[in-house]
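**Student:** If you scroll down you'll find the structure; I have some questions about it.
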Amino acid sequence: MGAFCQLRGAAFLRQVSAGLETALRGHHSLGVSPQLLRSQGFVDGRWVSAASSFPVLDPATGKELAKVSDCGAREAQDAVRAAHKAFQSWKCQTAKERSGLLRKWFDLLIQHKEDLAKLITAECGKPLKESLGEIAYSAAFLEWFSEEARRVYGDVVSPAAKDRRILLIKQPVGVASIITPWNFPSAMITRKVGAALAAGCTVVVKPAEDTPLSALALAELATQAGIPPGVFNVVPCSREKTPSVGEVLCTDPLVRKVSFTGSTATGKILLKHAAGTVKRVSMELGGHAPFIVFDSADVDKAVAGAMASKFRNSGQTCVCSNRFLVQSGIHDAFVEKLGKAMDAELRVGHGFEPTTTQGPLINIRAAEKVEHQIKDAVSQGATIIRGGKRLEGSFMQPTLLANVTTDMLCTSEETFGPLVPVLKFNTEEEALSIANASDVGLAGYFYSQDISQIWRVAENLEVGMVGVNEGLLSTPEASFGGVKQSGLGREGSKYGIDEYLDVKYMCFGGLTL
């Protein structure tokens, strides 16, 4: 499964460390422009220090990359007040003016894409090629919402009374708290903030404690783009201060909207906080995506889709396939071909190494979770077809399991790692029953060439997004969001901006016509 998968101990760590050293040799710190390598919070257009700092680590080596200001409740409150003050003027800018500034921000992301990608690989661990892809994806949301800013339309409604006229207009909700995860440290911010700023809202961003550098670089570029002080604020903080900062961002009366991407458990806590002041909320929470391959499928295309869906960011995406359901007629052929594809295409190593396709997991806890799921499955009769071993630090071998059952942990809880558990099924009804037996429903995928079956399955999968003969489905033009306990609201698409808008009804009465 590639050279890195076979290495153990000191030899593995030496090769991984070499990847970071190669990237840093002869360059300033992380090899990026000093302007983009920021370590302070960003409030009201100013870089602000906190009383203490916290380290940002390279997940591949555990080495410290930077120390970042550890903002607390006071800094969060300052950021909310700055955002509220800025909202009074930002909401009055024309949609065309806001659109132009978002477009300038987009242009700057594209201009600095190499440096921004290096930051992602350094703090998140994903291969540099994937990081470049994330920056393109991240920038695309700014481009999309720069265009959507000018498409916020109201309605003129026919009244029942002759002396009245009815108008419905849309207005920005106000200050929005944006709380984002570590697995897409740039794109998860722009997908939310692009919509918020386009609508006329101002924001306070709390990035994940593992990946604050990307958020702070976005703040620098927002300033360069001319976005006014207080419109975009960033309050990085450590894991220890996250609860207090999160509470401020979800309870402060000046905040009118909370948008969160992360675990379902954390989302429920934030919902309780937001309920006290009845805030608007968007929640993009956990997933447990099924990947179904029917007998009629093109097996080679299904294998390619599985590789793309599962192993992007080493399986650390909320929409990556978690449970692989393969019909009995093609089960053996699919497993064999998938194993060969893993051998041929996957290479584990530091994200800065050009041959790497699988970086580290975000931390040791994440690797331990995957290792535990593998051991649980094997103890209950699963067979390891490929991989199965924990490597050094937070690295895991990409793993393929067969003879998997619904009683195993890997089929009942989200993995967030490079594990492919394959279950064999016989009928369409059985596959749908297994796929829908989850309290979450973010994404789902299936491969079939039977048109009637495609319509049946697509409509009956209990998820918010369906990939039909396709393993990658995220794009700014389409809505992103789930059903059941996978969250509330939608991001991206023409619907994403509505999450930051209120509808106001205006009735003009007593008219003489």
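How things are named: the first chain in the structure tokens is A, the next is B, and so on; residues count from 1 in each chain; ligands count from 1 in the order shown.
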Could you name the residues that touch Leu221 of chain A at 8 Å or less, counting only C-alpha atoms, but leaving out those on the same chain fewer than 2 positions away, as a VMD selection string?

**Tutor:** chain A and resid 36 105 108 to 109 217 to 219 223 to 225

**Student:** Take the residues just selected and output them with N, CA and C atoms as a short mmCIF file (atom, residue, chain, number, x, y, z; two decimals), in the first residue's frame.

**Tutor:**
```
data_model
loop_
_atom_site.label_atom_id
_atom_site.label_comp_id
_atom_site.auth_asym_id
_atom_site.auth_seq_id
_atom_site.Cartn_x
_atom_site.Cartn_y
_atom_site.Cartn_z
N LEU A 36 0.57 37.10 5.70
CA LEU A 36 -0.52 36.14 5.85
C LEU A 36 -0.35 35.26 7.08
N TRP A 105 -12.11 40.29 -2.57
CA TRP A 105 -11.63 39.27 -1.62
C TRP A 105 -11.37 37.97 -2.37
N LEU A 108 -8.15 38.12 -4.31
CA LEU A 108 -6.97 38.01 -3.45
C LEU A 108 -6.72 36.57 -3.02
N LEU A 109 -7.78 35.81 -2.77
CA LEU A 109 -7.59 34.39 -2.44
C LEU A 109 -6.92 33.65 -3.60
N ALA A 217 -5.44 34.42 8.15
CA ALA A 217 -4.99 34.83 6.82
C ALA A 217 -6.16 35.39 6.01
N LEU A 218 -7.34 34.79 6.16
CA LEU A 218 -8.52 35.33 5.49
C LEU A 218 -8.84 36.73 5.98
N ALA A 219 -8.63 36.98 7.27
CA ALA A 219 -8.87 38.32 7.82
C ALA A 219 -7.93 39.34 7.19
N THR A 223 -9.11 42.59 4.81
CA THR A 223 -8.68 43.97 5.01
C THR A 223 -8.11 44.54 3.72
N GLN A 224 -7.26 43.76 3.06
CA GLN A 224 -6.68 44.21 1.79
C GLN A 224 -7.76 44.45 0.74
N ALA A 225 -8.85 43.69 0.81
CA ALA A 225 -9.94 43.83 -0.15
C ALA A 225 -10.77 45.08 0.11
#
```

**Student:** Can you pull out every residue within 9 Å of Leu102 of chain A, counting only C-alpha atoms, but drop anything in the same chain fewer than 6 positions away, and send it as a PyMOL selection string?

**Tutor:** chain A and resi 142-143+145-147+194+197-198+222+225+227

**Student:** Restricting the output to C-alpha atoms, write the selected residues as a PDB file, in the first residue's frame.

**Tutor:**
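Wrote selection11.pdb, looks like this:
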```pdb
ATOM      1  CA  LEU A 142     -16.872  34.372  -2.274  1.00  0.00           C
ATOM      2  CA  GLU A 143     -17.323  34.578  -6.031  1.00  0.00           C
ATOM      3  CA  PHE A 145     -22.106  35.117  -3.087  1.00  0.00           C
ATOM      4  CA  SER A 146     -20.622  38.248  -4.616  1.00  0.00           C
ATOM      5  CA  GLU A 147     -23.025  37.501  -7.451  1.00  0.00           C
ATOM      6  CA  GLY A 194     -19.710  34.930   1.939  1.00  0.00           C
ATOM      7  CA  LEU A 197     -21.668  39.584   4.099  1.00  0.00           C
ATOM      8  CA  ALA A 198     -23.567  39.446   0.815  1.00  0.00           C
ATOM      9  CA  ALA A 222     -10.409  40.818   3.795  1.00  0.00           C
ATOM     10  CA  ALA A 225      -9.937  43.835  -0.153  1.00  0.00           C
ATOM     11  CA  ILE A 227     -13.940  45.207   3.798  1.00  0.00           C
TER      12      ILE A 227
END
```

**Student:** Using only C-alpha atoms, which protein or nucleic acid residues come within 7 Å of Lys113 of chain A? Drop anything in the same chain fewer than 4 positions from it, and give the result as a list in words.

**Tutor:**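 My list of contacting residues is Leu109, Ala117, Leu132 and Ile135 of chain A.
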
**Student:** Selection from above, N, CA and C atoms, as an mmCIF file, in the first residue's frame, can you write it?

**Tutor:**
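Once everything was written out, this is out.cif:
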```cif
data_model
loop_
_atom_site.group_PDB
_atom_site.id
_atom_site.type_symbol
_atom_site.label_atom_id
_atom_site.label_comp_id
_atom_site.auth_asym_id
_atom_site.auth_seq_id
_atom_site.Cartn_x
_atom_site.Cartn_y
_atom_site.Cartn_z
ATOM 1 N N LEU A 109 -7.779 35.808 -2.765
ATOM 2 C CA LEU A 109 -7.592 34.389 -2.440
ATOM 3 C C LEU A 109 -6.925 33.651 -3.601
ATOM 4 N N ALA A 117 -2.709 27.621 0.715
ATOM 5 C CA ALA A 117 -2.701 26.154 0.712
ATOM 6 C C ALA A 117 -1.626 25.602 1.646
ATOM 7 N N LEU A 132 -4.693 23.038 -2.160
ATOM 8 C CA LEU A 132 -4.906 23.947 -3.288
ATOM 9 C C LEU A 132 -6.345 23.837 -3.791
ATOM 10 N N ILE A 135 -8.601 25.805 -1.450
ATOM 11 C CA ILE A 135 -8.574 27.251 -1.663
ATOM 12 C C ILE A 135 -9.422 27.638 -2.871
#
```

**Student:** Using only C-alpha atoms, which residue out of A:Ala437, A:Pro243, A:Ala140, A:Val80 lies closest to Thr202 of chain A?

**Tutor:** A:Val80

**Student:** Residues within 8 Å of Ile384 of chain A, please, as a short mmCIF file (atom, residue, chain, number, x, y, z; two decimals) with all heavy atoms, in the first residue's frame. Count only C-alpha atoms; anything in the same chain fewer than 5 positions from it doesn't count.

**Tutor:**
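Output saved as out-v9.cif:
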```cif
data_model
loop_
_atom_site.label_atom_id
_atom_site.label_comp_id
_atom_site.auth_asym_id
_atom_site.auth_seq_id
_atom_site.Cartn_x
_atom_site.Cartn_y
_atom_site.Cartn_z
N VAL A 378 -13.08 -6.43 13.85
CA VAL A 378 -12.37 -7.70 13.73
C VAL A 378 -12.78 -8.66 14.84
O VAL A 378 -12.95 -9.87 14.62
CB VAL A 378 -10.84 -7.46 13.75
CG1 VAL A 378 -10.08 -8.78 13.86
CG2 VAL A 378 -10.41 -6.69 12.50
N THR A 399 -7.69 1.42 5.35
CA THR A 399 -8.10 0.07 5.72
C THR A 399 -9.40 -0.33 5.02
O THR A 399 -10.35 0.46 4.96
CB THR A 399 -8.29 -0.02 7.25
OG1 THR A 399 -7.04 0.25 7.89
CG2 THR A 399 -8.77 -1.40 7.66
N LEU A 400 -9.41 -1.55 4.50
CA LEU A 400 -10.58 -2.13 3.85
C LEU A 400 -11.01 -3.36 4.63
O LEU A 400 -10.21 -4.27 4.85
CB LEU A 400 -10.23 -2.51 2.40
CG LEU A 400 -11.29 -3.26 1.59
CD1 LEU A 400 -12.58 -2.46 1.47
CD2 LEU A 400 -10.74 -3.61 0.20
N LEU A 401 -12.27 -3.38 5.08
CA LEU A 401 -12.82 -4.49 5.84
C LEU A 401 -13.95 -5.16 5.07
O LEU A 401 -14.78 -4.48 4.47
CB LEU A 401 -13.37 -4.02 7.19
CG LEU A 401 -12.42 -3.36 8.19
CD1 LEU A 401 -13.20 -2.94 9.43
CD2 LEU A 401 -11.29 -4.30 8.56
N ALA A 402 -13.99 -6.47 5.09
CA ALA A 402 -15.11 -7.24 4.54
C ALA A 402 -15.78 -8.01 5.67
O ALA A 402 -15.31 -8.01 6.81
CB ALA A 402 -14.62 -8.20 3.45
#
```

**Student:** Quick one: of A:Leu285, A:Ala60, A:Thr94, A:Thr415, who's nearest to Leu391 of chain A, counting only C-alpha atoms?

**Tutor:**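 Closest residue, counting only C-alpha atoms: A:Ala60.
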
**Student:** Which polymer residues have any atom within 8 Å of an atom of Ala176 of chain A, counting only C-alpha atoms, with same-chain residues fewer than 4 positions away left out, as a PDB file with all heavy atoms, in the first residue's frame?

**Tutor:**
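The file below, out-v5.pdb, is the result:
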```pdb
ATOM      1  N   ALA A 196     -23.249  35.635   4.504  1.00  0.00           N
ATOM      2  CA  ALA A 196     -23.599  36.634   5.522  1.00  0.00           C
ATOM      3  C   ALA A 196     -23.276  38.048   5.050  1.00  0.00           C
ATOM      4  O   ALA A 196     -24.111  38.965   5.154  1.00  0.00           O
ATOM      5  CB  ALA A 196     -22.858  36.318   6.823  1.00  0.00           C
ATOM      6  N   CYS A 201     -25.030  41.268   6.588  1.00  0.00           N
ATOM      7  CA  CYS A 201     -24.703  40.975   7.987  1.00  0.00           C
ATOM      8  C   CYS A 201     -23.222  41.212   8.245  1.00  0.00           C
ATOM      9  O   CYS A 201     -22.403  41.231   7.319  1.00  0.00           O
ATOM     10  CB  CYS A 201     -25.046  39.521   8.318  1.00  0.00           C
ATOM     11  SG  CYS A 201     -26.795  39.119   8.187  1.00  0.00           S
ATOM     12  N   THR A 202     -22.871  41.348   9.504  1.00  0.00           N
ATOM     13  CA  THR A 202     -21.475  41.356   9.932  1.00  0.00           C
ATOM     14  C   THR A 202     -21.237  40.093  10.753  1.00  0.00           C
ATOM     15  O   THR A 202     -22.181  39.467  11.236  1.00  0.00           O
ATOM     16  CB  THR A 202     -21.163  42.602  10.763  1.00  0.00           C
ATOM     17  OG1 THR A 202     -22.081  42.674  11.868  1.00  0.00           O
ATOM     18  CG2 THR A 202     -21.306  43.860   9.926  1.00  0.00           C
ATOM     19  N   VAL A 203     -19.960  39.700  10.923  1.00  0.00           N
ATOM     20  CA  VAL A 203     -19.683  38.384  11.499  1.00  0.00           C
ATOM     21  C   VAL A 203     -18.569  38.421  12.533  1.00  0.00           C
ATOM     22  O   VAL A 203     -17.681  39.273  12.503  1.00  0.00           O
ATOM     23  CB  VAL A 203     -19.299  37.362  10.404  1.00  0.00           C
ATOM     24  CG1 VAL A 203     -20.425  37.206   9.390  1.00  0.00           C
ATOM     25  CG2 VAL A 203     -18.002  37.749   9.711  1.00  0.00           C
ATOM     26  N   VAL A 204     -18.658  37.446  13.445  1.00  0.00           N
ATOM     27  CA  VAL A 204     -17.557  37.110  14.349  1.00  0.00           C
ATOM     28  C   VAL A 204     -17.262  35.634  14.124  1.00  0.00           C
ATOM     29  O   VAL A 204     -18.134  34.784  14.306  1.00  0.00           O
ATOM     30  CB  VAL A 204     -17.920  37.352  15.823  1.00  0.00           C
ATOM     31  CG1 VAL A 204     -16.748  36.943  16.722  1.00  0.00           C
ATOM     32  CG2 VAL A 204     -18.292  38.809  16.054  1.00  0.00           C
ATOM     33  N   VAL A 255     -26.036  39.358  19.147  1.00  0.00           N
ATOM     34  CA  VAL A 255     -25.915  38.353  18.085  1.00  0.00           C
ATOM     35  C   VAL A 255     -27.304  37.885  17.699  1.00  0.00           C
ATOM     36  O   VAL A 255     -28.104  37.505  18.548  1.00  0.00           O
ATOM     37  CB  VAL A 255     -25.067  37.151  18.558  1.00  0.00           C
ATOM     38  CG1 VAL A 255     -25.091  36.036  17.514  1.00  0.00           C
ATOM     39  CG2 VAL A 255     -23.636  37.592  18.852  1.00  0.00           C
ATOM     40  N   ARG A 256     -27.615  37.933  16.416  1.00  0.00           N
ATOM     41  CA  ARG A 256     -28.933  37.523  15.961  1.00  0.00           C
ATOM     42  C   ARG A 256     -28.925  36.228  15.157  1.00  0.00           C
ATOM     43  O   ARG A 256     -29.974  35.715  14.779  1.00  0.00           O
ATOM     44  CB  ARG A 256     -29.567  38.626  15.105  1.00  0.00           C
ATOM     45  CG  ARG A 256     -29.872  39.895  15.855  1.00  0.00           C
ATOM     46  CD  ARG A 256     -30.667  39.678  17.146  1.00  0.00           C
ATOM     47  NE  ARG A 256     -31.821  38.780  16.954  1.00  0.00           N
ATOM     48  CZ  ARG A 256     -32.284  37.954  17.873  1.00  0.00           C
ATOM     49  NH1 ARG A 256     -31.703  37.879  19.071  1.00  0.00           N
ATOM     50  NH2 ARG A 256     -33.319  37.201  17.625  1.00  0.00           N
ATOM     51  N   LYS A 257     -27.749  35.691  14.865  1.00  0.00           N
ATOM     52  CA  LYS A 257     -27.653  34.490  14.044  1.00  0.00           C
ATOM     53  C   LYS A 257     -26.431  33.689  14.463  1.00  0.00           C
ATOM     54  O   LYS A 257     -25.366  34.252  14.726  1.00  0.00           O
ATOM     55  CB  LYS A 257     -27.540  34.893  12.559  1.00  0.00           C
ATOM     56  CG  LYS A 257     -27.082  33.811  11.614  1.00  0.00           C
ATOM     57  CD  LYS A 257     -28.192  32.835  11.299  1.00  0.00           C
ATOM     58  CE  LYS A 257     -27.702  31.751  10.344  1.00  0.00           C
ATOM     59  NZ  LYS A 257     -28.768  30.855   9.905  1.00  0.00           N
ATOM     60  N   VAL A 258     -26.578  32.368  14.533  1.00  0.00           N
ATOM     61  CA  VAL A 258     -25.462  31.471  14.821  1.00  0.00           C
ATOM     62  C   VAL A 258     -25.387  30.434  13.703  1.00  0.00           C
ATOM     63  O   VAL A 258     -26.392  29.784  13.383  1.00  0.00           O
ATOM     64  CB  VAL A 258     -25.633  30.751  16.172  1.00  0.00           C
ATOM     65  CG1 VAL A 258     -24.488  29.758  16.394  1.00  0.00           C
ATOM     66  CG2 VAL A 258     -25.690  31.755  17.319  1.00  0.00           C
ATOM     67  N   SER A 259     -24.218  30.302  13.116  1.00  0.00           N
ATOM     68  CA  SER A 259     -23.992  29.265  12.110  1.00  0.00           C
ATOM     69  C   SER A 259     -22.825  28.397  12.569  1.00  0.00           C
ATOM     70  O   SER A 259     -21.731  28.910  12.832  1.00  0.00           O
ATOM     71  CB  SER A 259     -23.683  29.882  10.745  1.00  0.00           C
ATOM     72  OG  SER A 259     -23.478  28.868   9.774  1.00  0.00           O
TER      73      SER A 259
END
```

**Student:** Skipping near chain neighbours, those fewer than 6 positions away, what residues fall within 12 Å of Glu75 of chain A using only C-alpha atoms, listed as a PyMOL selection string?

**Tutor:** chain A and resi 40-44+47-51+69+81-82+204-206+233-237+241+244-246+248-249

**Student:** Counting only C-alpha atoms, give me one row per residue of segment 409-500 of chain A with an atom at most 12 Å from an atom of segment 311-328 of chain A, showing the shortest contact pair and its distance in Å to one decimal, sorted by chain then residue number, as JSON lines.

**Tutor:**
```
{"residue": "A:Leu409", "atom": "CA", "partner": "A:Arg323", "partner_atom": "CA", "distance": 10.8}
{"residue": "A:Cys410", "atom": "CA", "partner": "A:Arg323", "partner_atom": "CA", "distance": 7.7}
{"residue": "A:Thr411", "atom": "CA", "partner": "A:Arg323", "partner_atom": "CA", "distance": 5.9}
{"residue": "A:Ser412", "atom": "CA", "partner": "A:Arg323", "partner_atom": "CA", "distance": 8.9}
{"residue": "A:Glu413", "atom": "CA", "partner": "A:Asn322", "partner_atom": "CA", "distance": 8.7}
{"residue": "A:Glu414", "atom": "CA", "partner": "A:Asn322", "partner_atom": "CA", "distance": 6.7}
{"residue": "A:Thr415", "atom": "CA", "partner": "A:Asn322", "partner_atom": "CA", "distance": 6.7}
{"residue": "A:Phe416", "atom": "CA", "partner": "A:Gln316", "partner_atom": "CA", "distance": 4.5}
{"residue": "A:Gly417", "atom": "CA", "partner": "A:Gly315", "partner_atom": "CA", "distance": 4.3}
{"residue": "A:Pro418", "atom": "CA", "partner": "A:Gly315", "partner_atom": "CA", "distance": 4.7}
{"residue": "A:Leu419", "atom": "CA", "partner": "A:Gly315", "partner_atom": "CA", "distance": 7.4}
{"residue": "A:Val420", "atom": "CA", "partner": "A:Phe324", "partner_atom": "CA", "distance": 6.9}
{"residue": "A:Pro421", "atom": "CA", "partner": "A:Phe324", "partner_atom": "CA", "distance": 6.0}
{"residue": "A:Val422", "atom": "CA", "partner": "A:Phe324", "partner_atom": "CA", "distance": 4.7}
{"residue": "A:Leu423", "atom": "CA", "partner": "A:Leu325", "partner_atom": "CA", "distance": 4.9}
{"residue": "A:Lys424", "atom": "CA", "partner": "A:Val326", "partner_atom": "CA", "distance": 5.1}
{"residue": "A:Phe425", "atom": "CA", "partner": "A:Gln327", "partner_atom": "CA", "distance": 4.9}
{"residue": "A:Asn426", "atom": "CA", "partner": "A:Gln327", "partner_atom": "CA", "distance": 5.5}
{"residue": "A:Thr427", "atom": "CA", "partner": "A:Gln327", "partner_atom": "CA", "distance": 7.3}
{"residue": "A:Glu428", "atom": "CA", "partner": "A:Gln327", "partner_atom": "CA", "distance": 8.5}
{"residue": "A:Glu429", "atom": "CA", "partner": "A:Gln327", "partner_atom": "CA", "distance": 11.3}
{"residue": "A:Glu430", "atom": "CA", "partner": "A:Gln327", "partner_atom": "CA", "distance": 9.8}
{"residue": "A:Ala431", "atom": "CA", "partner": "A:Leu325", "partner_atom": "CA", "distance": 6.8}
{"residue": "A:Leu432", "atom": "CA", "partner": "A:Leu325", "partner_atom": "CA", "distance": 9.6}
{"residue": "A:Ser433", "atom": "CA", "partner": "A:Leu325", "partner_atom": "CA", "distance": 11.1}
{"residue": "A:Ile434", "atom": "CA", "partner": "A:Leu325", "partner_atom": "CA", "distance": 8.5}
{"residue": "A:Ala435", "atom": "CA", "partner": "A:Arg323", "partner_atom": "CA", "distance": 8.0}
{"residue": "A:Asn436", "atom": "CA", "partner": "A:Arg323", "partner_atom": "CA", "distance": 11.2}
{"residue": "A:Ala437", "atom": "CA", "partner": "A:Arg323", "partner_atom": "CA", "distance": 11.4}
{"residue": "A:Ser438", "atom": "CA", "partner": "A:Arg323", "partner_atom": "CA", "distance": 11.1}
{"residue": "A:Val440", "atom": "CA", "partner": "A:Cys318", "partner_atom": "CA", "distance": 11.1}
{"residue": "A:Gly441", "atom": "CA", "partner": "A:Val319", "partner_atom": "CA", "distance": 9.8}
{"residue": "A:Leu442", "atom": "CA", "partner": "A:Val319", "partner_atom": "CA", "distance": 6.7}
{"residue": "A:Ala443", "atom": "CA", "partner": "A:Val319", "partner_atom": "CA", "distance": 5.5}
{"residue": "A:Gly444", "atom": "CA", "partner": "A:Ser321", "partner_atom": "CA", "distance": 7.4}
{"residue": "A:Tyr445", "atom": "CA", "partner": "A:Ser321", "partner_atom": "CA", "distance": 7.6}
{"residue": "A:Phe446", "atom": "CA", "partner": "A:Leu325", "partner_atom": "CA", "distance": 9.0}
{"residue": "A:Tyr447", "atom": "CA", "partner": "A:Val326", "partner_atom": "CA", "distance": 9.7}
{"residue": "A:Ser448", "atom": "CA", "partner": "A:Gln327", "partner_atom": "CA", "distance": 10.8}
{"residue": "A:Val463", "atom": "CA", "partner": "A:Val319", "partner_atom": "CA", "distance": 10.6}
{"residue": "A:Gly464", "atom": "CA", "partner": "A:Val319", "partner_atom": "CA", "distance": 10.5}
{"residue": "A:Met465", "atom": "CA", "partner": "A:Val319", "partner_atom": "CA", "distance": 9.0}
{"residue": "A:Val466", "atom": "CA", "partner": "A:Val319", "partner_atom": "CA", "distance": 10.2}
{"residue": "A:Gly467", "atom": "CA", "partner": "A:Val319", "partner_atom": "CA", "distance": 10.4}
{"residue": "A:Glu470", "atom": "CA", "partner": "A:Ser321", "partner_atom": "CA", "distance": 11.6}
{"residue": "A:Gly471", "atom": "CA", "partner": "A:Ser321", "partner_atom": "CA", "distance": 8.4}
{"residue": "A:Leu472", "atom": "CA", "partner": "A:Cys320", "partner_atom": "CA", "distance": 8.6}
{"residue": "A:Leu473", "atom": "CA", "partner": "A:Val319", "partner_atom": "CA", "distance": 8.9}
{"residue": "A:Ser474", "atom": "CA", "partner": "A:Val319", "partner_atom": "CA", "distance": 8.8}
{"residue": "A:Phe480", "atom": "CA", "partner": "A:Val319", "partner_atom": "CA", "distance": 10.0}
{"residue": "A:Gly481", "atom": "CA", "partner": "A:Val319", "partner_atom": "CA", "distance": 9.8}
{"residue": "A:Gly482", "atom": "CA", "partner": "A:Val319", "partner_atom": "CA", "distance": 9.9}
{"residue": "A:Ser486", "atom": "CA", "partner": "A:Cys318", "partner_atom": "CA", "distance": 9.7}
{"residue": "A:Gly487", "atom": "CA", "partner": "A:Cys318", "partner_atom": "CA", "distance": 11.8}
```

**Student:** DSSP on the backbone, then: every residue of segment 319-463 of chain A marked strand (DSSP E), written as a list of chain:residue names.

**Tutor:** A:Ser321, A:Asn322, A:Arg323, A:Phe324, A:Leu325, A:Val326, A:Gln327, A:Thr383, A:Ile384, A:Ile385, A:Arg386, A:Thr399, A:Leu400, A:Leu401, A:Ala402, A:Leu419, A:Val420, A:Pro421, A:Val422, A:Leu423, A:Lys424, A:Phe425, A:Val440, A:Gly441, A:Ala443, A:Gly444, A:Tyr445, A:Phe446, A:Tyr447

**Student:** Could you write out that same residue set with N, CA and C atoms as a short mmCIF file (atom, residue, chain, number, x, y, z; two decimals), in the first residue's frame?

**Tutor:**
```cif
data_model
loop_
_atom_site.label_atom_id
_atom_site.label_comp_id
_atom_site.auth_asym_id
_atom_site.auth_seq_id
_atom_site.Cartn_x
_atom_site.Cartn_y
_atom_site.Cartn_z
N SER A 321 -18.04 8.90 2.51
CA SER A 321 -18.78 7.65 2.69
C SER A 321 -18.29 6.92 3.93
N ASN A 322 -19.23 6.42 4.73
CA ASN A 322 -18.89 5.75 5.98
C ASN A 322 -19.25 4.27 5.95
N ARG A 323 -20.38 3.96 5.31
CA ARG A 323 -20.87 2.58 5.26
C ARG A 323 -21.01 2.17 3.80
N PHE A 324 -20.30 1.13 3.41
CA PHE A 324 -20.31 0.69 2.01
C PHE A 324 -21.18 -0.56 1.90
N LEU A 325 -22.29 -0.40 1.22
CA LEU A 325 -23.26 -1.49 1.05
C LEU A 325 -23.17 -1.97 -0.40
N VAL A 326 -22.79 -3.23 -0.58
CA VAL A 326 -22.57 -3.75 -1.93
C VAL A 326 -23.43 -4.98 -2.14
N GLN A 327 -24.18 -4.97 -3.26
CA GLN A 327 -25.10 -6.08 -3.53
C GLN A 327 -24.33 -7.36 -3.82
N THR A 383 -13.14 -9.11 8.34
CA THR A 383 -11.86 -9.52 7.76
C THR A 383 -11.12 -8.31 7.22
N ILE A 384 -9.84 -8.18 7.59
CA ILE A 384 -9.02 -7.08 7.06
C ILE A 384 -8.50 -7.47 5.68
N ILE A 385 -8.93 -6.73 4.65
CA ILE A 385 -8.48 -6.98 3.28
C ILE A 385 -7.25 -6.15 2.95
N ARG A 386 -7.21 -4.92 3.44
CA ARG A 386 -6.06 -4.04 3.25
C ARG A 386 -5.86 -3.24 4.54
N THR A 399 -7.69 1.42 5.35
CA THR A 399 -8.10 0.07 5.72
C THR A 399 -9.40 -0.33 5.02
N LEU A 400 -9.41 -1.55 4.50
CA LEU A 400 -10.58 -2.13 3.85
C LEU A 400 -11.01 -3.36 4.63
N LEU A 401 -12.27 -3.38 5.08
CA LEU A 401 -12.82 -4.49 5.84
C LEU A 401 -13.95 -5.16 5.07
N ALA A 402 -13.99 -6.47 5.09
CA ALA A 402 -15.11 -7.24 4.54
C ALA A 402 -15.78 -8.01 5.67
N LEU A 419 -11.19 4.45 6.71
CA LEU A 419 -11.69 3.09 6.94
C LEU A 419 -12.87 2.82 6.01
N VAL A 420 -12.79 1.69 5.28
CA VAL A 420 -13.86 1.28 4.36
C VAL A 420 -14.46 -0.03 4.86
N PRO A 421 -15.59 0.00 5.56
CA PRO A 421 -16.25 -1.23 5.97
C PRO A 421 -17.31 -1.63 4.94
N VAL A 422 -17.20 -2.84 4.40
CA VAL A 422 -18.10 -3.28 3.33
C VAL A 422 -19.10 -4.30 3.87
N LEU A 423 -20.40 -3.99 3.68
CA LEU A 423 -21.49 -4.89 4.06
C LEU A 423 -22.11 -5.46 2.78
N LYS A 424 -22.41 -6.73 2.78
CA LYS A 424 -23.07 -7.36 1.64
C LYS A 424 -24.59 -7.34 1.87
N PHE A 425 -25.36 -6.99 0.81
CA PHE A 425 -26.82 -7.04 0.91
C PHE A 425 -27.39 -7.74 -0.31
N VAL A 440 -28.86 10.40 11.78
CA VAL A 440 -28.35 11.52 10.99
C VAL A 440 -28.58 11.23 9.52
N GLY A 441 -28.54 12.29 8.70
CA GLY A 441 -28.77 12.12 7.28
C GLY A 441 -28.22 13.29 6.49
N ALA A 443 -25.31 13.16 3.77
CA ALA A 443 -25.13 12.79 2.36
C ALA A 443 -25.30 11.29 2.19
N GLY A 444 -25.58 10.88 0.97
CA GLY A 444 -25.66 9.47 0.62
C GLY A 444 -25.27 9.31 -0.84
N TYR A 445 -24.74 8.15 -1.18
CA TYR A 445 -24.27 7.89 -2.54
C TYR A 445 -24.75 6.52 -2.99
N PHE A 446 -25.01 6.39 -4.27
CA PHE A 446 -25.28 5.04 -4.79
C PHE A 446 -24.97 4.98 -6.28
N TYR A 447 -24.64 3.74 -6.70
CA TYR A 447 -24.30 3.47 -8.10
C TYR A 447 -25.27 2.45 -8.66
#
```

**Student:** Taking only C-alpha atoms into account, produce a table as a Markdown table in which each residue of segment 78-171 of chain A with an atom at most 9 Å from an atom of segment 492-508 of chain A appears once, together with its shortest atom pair and the distance in Å to one decimal, ordered by chain and rising number.

**Tutor:**
```
| residue | atom | partner | partner_atom | distance |
| --- | --- | --- | --- | --- |
| A:Phe141 | CA | A:Gly492 | CA | 7.3 |
| A:Trp144 | CA | A:Ser493 | CA | 8.1 |
| A:Phe145 | CA | A:Ile497 | CA | 7.7 |
| A:Glu148 | CA | A:Lys494 | CA | 6.9 |
| A:Ala149 | CA | A:Ile497 | CA | 8.1 |
| A:Arg151 | CA | A:Lys494 | CA | 8.7 |
| A:Val152 | CA | A:Ile497 | CA | 8.2 |
| A:Gly154 | CA | A:Val503 | CA | 8.2 |
| A:Asp163 | CA | A:Phe508 | CA | 8.2 |
| A:Arg164 | CA | A:Phe508 | CA | 5.4 |
| A:Arg165 | CA | A:Phe508 | CA | 5.1 |
| A:Ile166 | CA | A:Cys507 | CA | 4.8 |
| A:Leu167 | CA | A:Met506 | CA | 5.1 |
| A:Leu168 | CA | A:Tyr505 | CA | 4.6 |
| A:Ile169 | CA | A:Lys504 | CA | 5.2 |
| A:Lys170 | CA | A:Val503 | CA | 4.6 |
| A:Gln171 | CA | A:Asp502 | CA | 5.3 |
```
